[in-house]
Amino acid sequence: MGHEHHHNTQALGDRRLGWAIAVNLLLTVAQVIGGLVSGSLALIADALHNFSDASSLLIAWVARRIGRRPPDRLRTFGYKRAEVIAALINLTTLVLIGLYLIYAAMWRMFEPQVIEGWTVIIVAAIALVVDIVTALLTHSLARNSLNLRAAFLHNVSDAMASVGVILAGSLILLYGWYWSDTLLTLLIAGYVLYQAAGTLPETIHLLMSGAPADISVEEVAGVMEAIPGVRDVHHIHLWRIDEHHNSLEAHVVIDDYAHTDAVRTQLKQALGERFDIHHSTLEFELRPCPAPHC
């Protein structure tokens, strides 16, 4: 029953992602057309950002399916890092889009264009509704996935960008402030880069087999050495297979090989309870004996 529930939850998540991808792709087309008709660079900037959201959701959908594949001869740890790789692709794309938007906004300063304010407001309002719907579809999925959490944050930033575009269109209609469109483009680009900078280091750290941020090697060694029969622990390596699975390997110096099984059981139990480490490889070594009869 539990397996069936898990399978149904995954299927529901896939359907939600599918709907989110579809509405964002349709919105991207509408925003590009609206931006070209109105002459609004901010609207096209929001369309590019929205397209990156649709692409990230598509990549996340594919990565989720790949990540469910069981371990095989070539991928002995399985395919769980597929979503982390997808997150890296999405974040790198966001950085490139952010830099391009800055370039386009700076170029617009030298070649200003007339902008149709009402078109900007109407298309941006539709975009805001779609962004809210997408956020509702992906919110629950983002709690336990770095990739989907990044996509969700991008979607929230998209909603904020849509609000900004509506504001720019209003300023153009009321005061003729065409420069507000360029300013909003720069703000959207800055926020895109800010979002990428906040998640990219964590993604790279995970791909570099970095130690979990909430676990100290010294604390792990202290807990292991407190187990009766353990004299020393060294050569400790901590890493994460994916966002949710911590791993450890270490050399453990003990008094007597006769008690290896008991010590191993206690060590694994302590690692699981204290640090949520359920995959550990322990190599046992016998403590040197200084006495002549050894």
# chains A, B, ... in the order shown; residues from 1 in each chain; ligands from 1
>>> residues_around(residues="Val23 in chain A", least_positions_apart="3", cutoff="8 Å", atoms="only C-alpha atoms", output="ChimeraX atom specification")
/A:19-20,26-27,130,134
>>> select_by_dssp(residues="range 142-267 of chain A", states="strand (DSSP E or B)", output="PyMOL selection string")
chain A and resi 230-242+245-254
>>> write_last_selection(atoms="N, CA and C atoms", output="PDB file, in the first residue's frame")
ATOM      1  N   VAL A 230      35.950   1.376  20.732  1.00  0.00           N
ATOM      2  CA  VAL A 230      36.551   2.184  19.673  1.00  0.00           C
ATOM      3  C   VAL A 230      37.626   3.067  20.272  1.00  0.00           C
ATOM      4  N   ARG A 231      38.850   2.969  19.746  1.00  0.00           N
ATOM      5  CA  ARG A 231      39.970   3.741  20.267  1.00  0.00           C
ATOM      6  C   ARG A 231      40.259   4.992  19.440  1.00  0.00           C
ATOM      7  N   ASP A 232      39.984   4.921  18.167  1.00  0.00           N
ATOM      8  CA  ASP A 232      40.296   6.072  17.310  1.00  0.00           C
ATOM      9  C   ASP A 232      39.523   5.933  16.006  1.00  0.00           C
ATOM     10  N   VAL A 233      39.171   7.089  15.416  1.00  0.00           N
ATOM     11  CA  VAL A 233      38.529   7.122  14.095  1.00  0.00           C
ATOM     12  C   VAL A 233      39.272   8.137  13.246  1.00  0.00           C
ATOM     13  N   HIS A 234      39.690   7.718  12.057  1.00  0.00           N
ATOM     14  CA  HIS A 234      40.390   8.638  11.165  1.00  0.00           C
ATOM     15  C   HIS A 234      40.008   8.338   9.715  1.00  0.00           C
ATOM     16  N   HIS A 235      40.582   9.098   8.821  1.00  0.00           N
ATOM     17  CA  HIS A 235      40.305   8.950   7.390  1.00  0.00           C
ATOM     18  C   HIS A 235      38.784   9.017   7.141  1.00  0.00           C
ATOM     19  N   ILE A 236      38.156  10.047   7.729  1.00  0.00           N
ATOM     20  CA  ILE A 236      36.706  10.203   7.607  1.00  0.00           C
ATOM     21  C   ILE A 236      36.369  10.973   6.331  1.00  0.00           C
ATOM     22  N   HIS A 237      35.439  10.444   5.554  1.00  0.00           N
ATOM     23  CA  HIS A 237      34.922  11.141   4.366  1.00  0.00           C
ATOM     24  C   HIS A 237      33.404  11.217   4.481  1.00  0.00           C
ATOM     25  N   LEU A 238      32.876  12.435   4.376  1.00  0.00           N
ATOM     26  CA  LEU A 238      31.441  12.672   4.400  1.00  0.00           C
ATOM     27  C   LEU A 238      31.008  13.251   3.067  1.00  0.00           C
ATOM     28  N   TRP A 239      29.911  12.765   2.532  1.00  0.00           N
ATOM     29  CA  TRP A 239      29.382  13.350   1.299  1.00  0.00           C
ATOM     30  C   TRP A 239      27.906  13.018   1.199  1.00  0.00           C
ATOM     31  N   ARG A 240      27.260  13.603   0.203  1.00  0.00           N
ATOM     32  CA  ARG A 240      25.838  13.374  -0.017  1.00  0.00           C
ATOM     33  C   ARG A 240      25.639  12.806  -1.423  1.00  0.00           C
ATOM     34  N   ILE A 241      24.943  11.692  -1.513  1.00  0.00           N
ATOM     35  CA  ILE A 241      24.627  11.111  -2.815  1.00  0.00           C
ATOM     36  C   ILE A 241      23.659  12.033  -3.556  1.00  0.00           C
ATOM     37  N   ASP A 242      22.686  12.563  -2.829  1.00  0.00           N
ATOM     38  CA  ASP A 242      21.783  13.581  -3.357  1.00  0.00           C
ATOM     39  C   ASP A 242      21.378  14.457  -2.180  1.00  0.00           C
ATOM     40  N   HIS A 245      20.338  12.013   1.077  1.00  0.00           N
ATOM     41  CA  HIS A 245      21.025  10.792   1.506  1.00  0.00           C
ATOM     42  C   HIS A 245      22.492  11.106   1.832  1.00  0.00           C
ATOM     43  N   ASN A 246      22.818  11.061   3.133  1.00  0.00           N
ATOM     44  CA  ASN A 246      24.187  11.289   3.596  1.00  0.00           C
ATOM     45  C   ASN A 246      24.968   9.977   3.604  1.00  0.00           C
ATOM     46  N   SER A 247      26.255  10.070   3.287  1.00  0.00           N
ATOM     47  CA  SER A 247      27.108   8.881   3.263  1.00  0.00           C
ATOM     48  C   SER A 247      28.408   9.157   4.009  1.00  0.00           C
ATOM     49  N   LEU A 248      29.034   8.064   4.486  1.00  0.00           N
ATOM     50  CA  LEU A 248      30.282   8.191   5.252  1.00  0.00           C
ATOM     51  C   LEU A 248      31.156   6.975   5.012  1.00  0.00           C
ATOM     52  N   GLU A 249      32.460   7.213   4.995  1.00  0.00           N
ATOM     53  CA  GLU A 249      33.427   6.123   5.074  1.00  0.00           C
ATOM     54  C   GLU A 249      34.505   6.536   6.063  1.00  0.00           C
ATOM     55  N   ALA A 250      35.027   5.572   6.815  1.00  0.00           N
ATOM     56  CA  ALA A 250      36.005   5.900   7.851  1.00  0.00           C
ATOM     57  C   ALA A 250      36.780   4.660   8.249  1.00  0.00           C
ATOM     58  N   HIS A 251      37.986   4.896   8.812  1.00  0.00           N
ATOM     59  CA  HIS A 251      38.800   3.836   9.407  1.00  0.00           C
ATOM     60  C   HIS A 251      38.579   3.872  10.916  1.00  0.00           C
ATOM     61  N   VAL A 252      38.259   2.724  11.484  1.00  0.00           N
ATOM     62  CA  VAL A 252      37.942   2.634  12.910  1.00  0.00           C
ATOM     63  C   VAL A 252      38.961   1.726  13.594  1.00  0.00           C
ATOM     64  N   VAL A 253      39.659   2.268  14.591  1.00  0.00           N
ATOM     65  CA  VAL A 253      40.640   1.488  15.359  1.00  0.00           C
ATOM     66  C   VAL A 253      39.952   0.915  16.592  1.00  0.00           C
ATOM     67  N   ILE A 254      40.033  -0.418  16.740  1.00  0.00           N
ATOM     68  CA  ILE A 254      39.359  -1.103  17.849  1.00  0.00           C
ATOM     69  C   ILE A 254      40.362  -1.926  18.654  1.00  0.00           C
TER      70      ILE A 254
END
>>> closest_residue(among="A:Gly35, A:Pro201, A:Arg65, A:Trp118", to="Leu173 in chain A", atoms="only C-alpha atoms")
A:Trp118
>>> residues_around(residues="Ile121 in chain A", least_positions_apart="4", cutoff="8 Å", atoms="only C-alpha atoms", output="PyMOL selection string")
chain A and resi 117+125+165-167+169-170
>>> atom_distance(atom1="CA of Asp181 in chain A", atom2="CA of Ile97 in chain A")
17.3 Å
>>> residues_around(residues="Leu187 in chain A", least_positions_apart="6", cutoff="10 Å", atoms="only C-alpha atoms", output="PDB file with C-alpha atoms, in the first residue's frame")
ATOM      1  CA  ALA A  42      10.722  44.664 -20.091  1.00  0.00           C
ATOM      2  CA  GLY A  98      20.376  37.674 -16.724  1.00  0.00           C
ATOM      3  CA  LEU A 101      19.012  41.227 -20.269  1.00  0.00           C
ATOM      4  CA  ILE A 102      21.556  43.651 -18.826  1.00  0.00           C
ATOM      5  CA  ALA A 161       8.668  40.731 -12.461  1.00  0.00           C
ATOM      6  CA  GLY A 164       7.044  45.326 -12.079  1.00  0.00           C
ATOM      7  CA  ASP A 181      10.842  50.034 -18.948  1.00  0.00           C
ATOM      8  CA  LEU A 193      21.215  36.769 -11.124  1.00  0.00           C
TER       9      LEU A 193
END
>>> atom_distance(atom1="CA of Ala270 in chain A", atom2="CA of His244 in chain A")
18.0 Å
>>> closest_residue(among="A:Leu91, A:Ile277, A:Ala86, A:Ala159", to="Ala47 in chain A", atoms="only C-alpha atoms")
A:Ala159
>>> closest_residue(among="A:Leu17, A:Ala105, A:Leu88, A:Ala63", to="Leu186 in chain A", atoms="only C-alpha atoms")
A:Ala105
>>> residues_around(residues="range 51-60 of chain A", least_positions_apart="2", cutoff="7 Å", atoms="only C-alpha atoms", output="list in words")
Leu17, Ile21, Asn24, Leu25, Thr28, Ala47, Leu48, His49, Val62, Ala63, Arg64, Glu83, Ala86, Asn90, Leu94, Asn147, Leu148, Ala151, His154 and Asn155 of chain A
>>> residues_around(residues="Gly34 in chain A", least_positions_apart="3", cutoff="7 Å", atoms="only C-alpha atoms", output="CSV table (one decimal) with N, CA and C atoms, in the first residue's frame")
chain,number,residue,atom,x,y,z
A,30,ALA,N,2.8,34.4,-25.7
A,30,ALA,CA,2.0,35.6,-25.6
A,30,ALA,C,2.8,36.8,-25.2
A,31,GLN,N,3.8,36.6,-24.3
A,31,GLN,CA,4.6,37.7,-23.9
A,31,GLN,C,5.5,38.2,-25.0
A,37,VAL,N,4.8,43.7,-30.3
A,37,VAL,CA,3.7,44.7,-30.7
A,37,VAL,C,3.8,46.0,-29.9
A,38,SER,N,4.1,45.9,-28.6
A,38,SER,CA,4.1,47.1,-27.8
A,38,SER,C,5.5,47.8,-27.8
A,119,THR,N,-0.9,47.6,-23.9
A,119,THR,CA,-0.5,46.2,-24.3
A,119,THR,C,0.4,45.6,-23.2
A,120,VAL,N,1.3,46.4,-22.7
A,120,VAL,CA,2.2,45.9,-21.7
A,120,VAL,C,1.5,45.5,-20.4
A,123,VAL,N,-0.8,42.1,-21.1
A,123,VAL,CA,-0.1,40.9,-21.2
A,123,VAL,C,0.6,40.6,-19.8
>>> residues_around(residues="Asp261 in chain A", least_positions_apart="4", cutoff="12 Å", atoms="only C-alpha atoms", output="PyMOL selection string")
chain A and resi 229+254+256-257+265-268+282-284
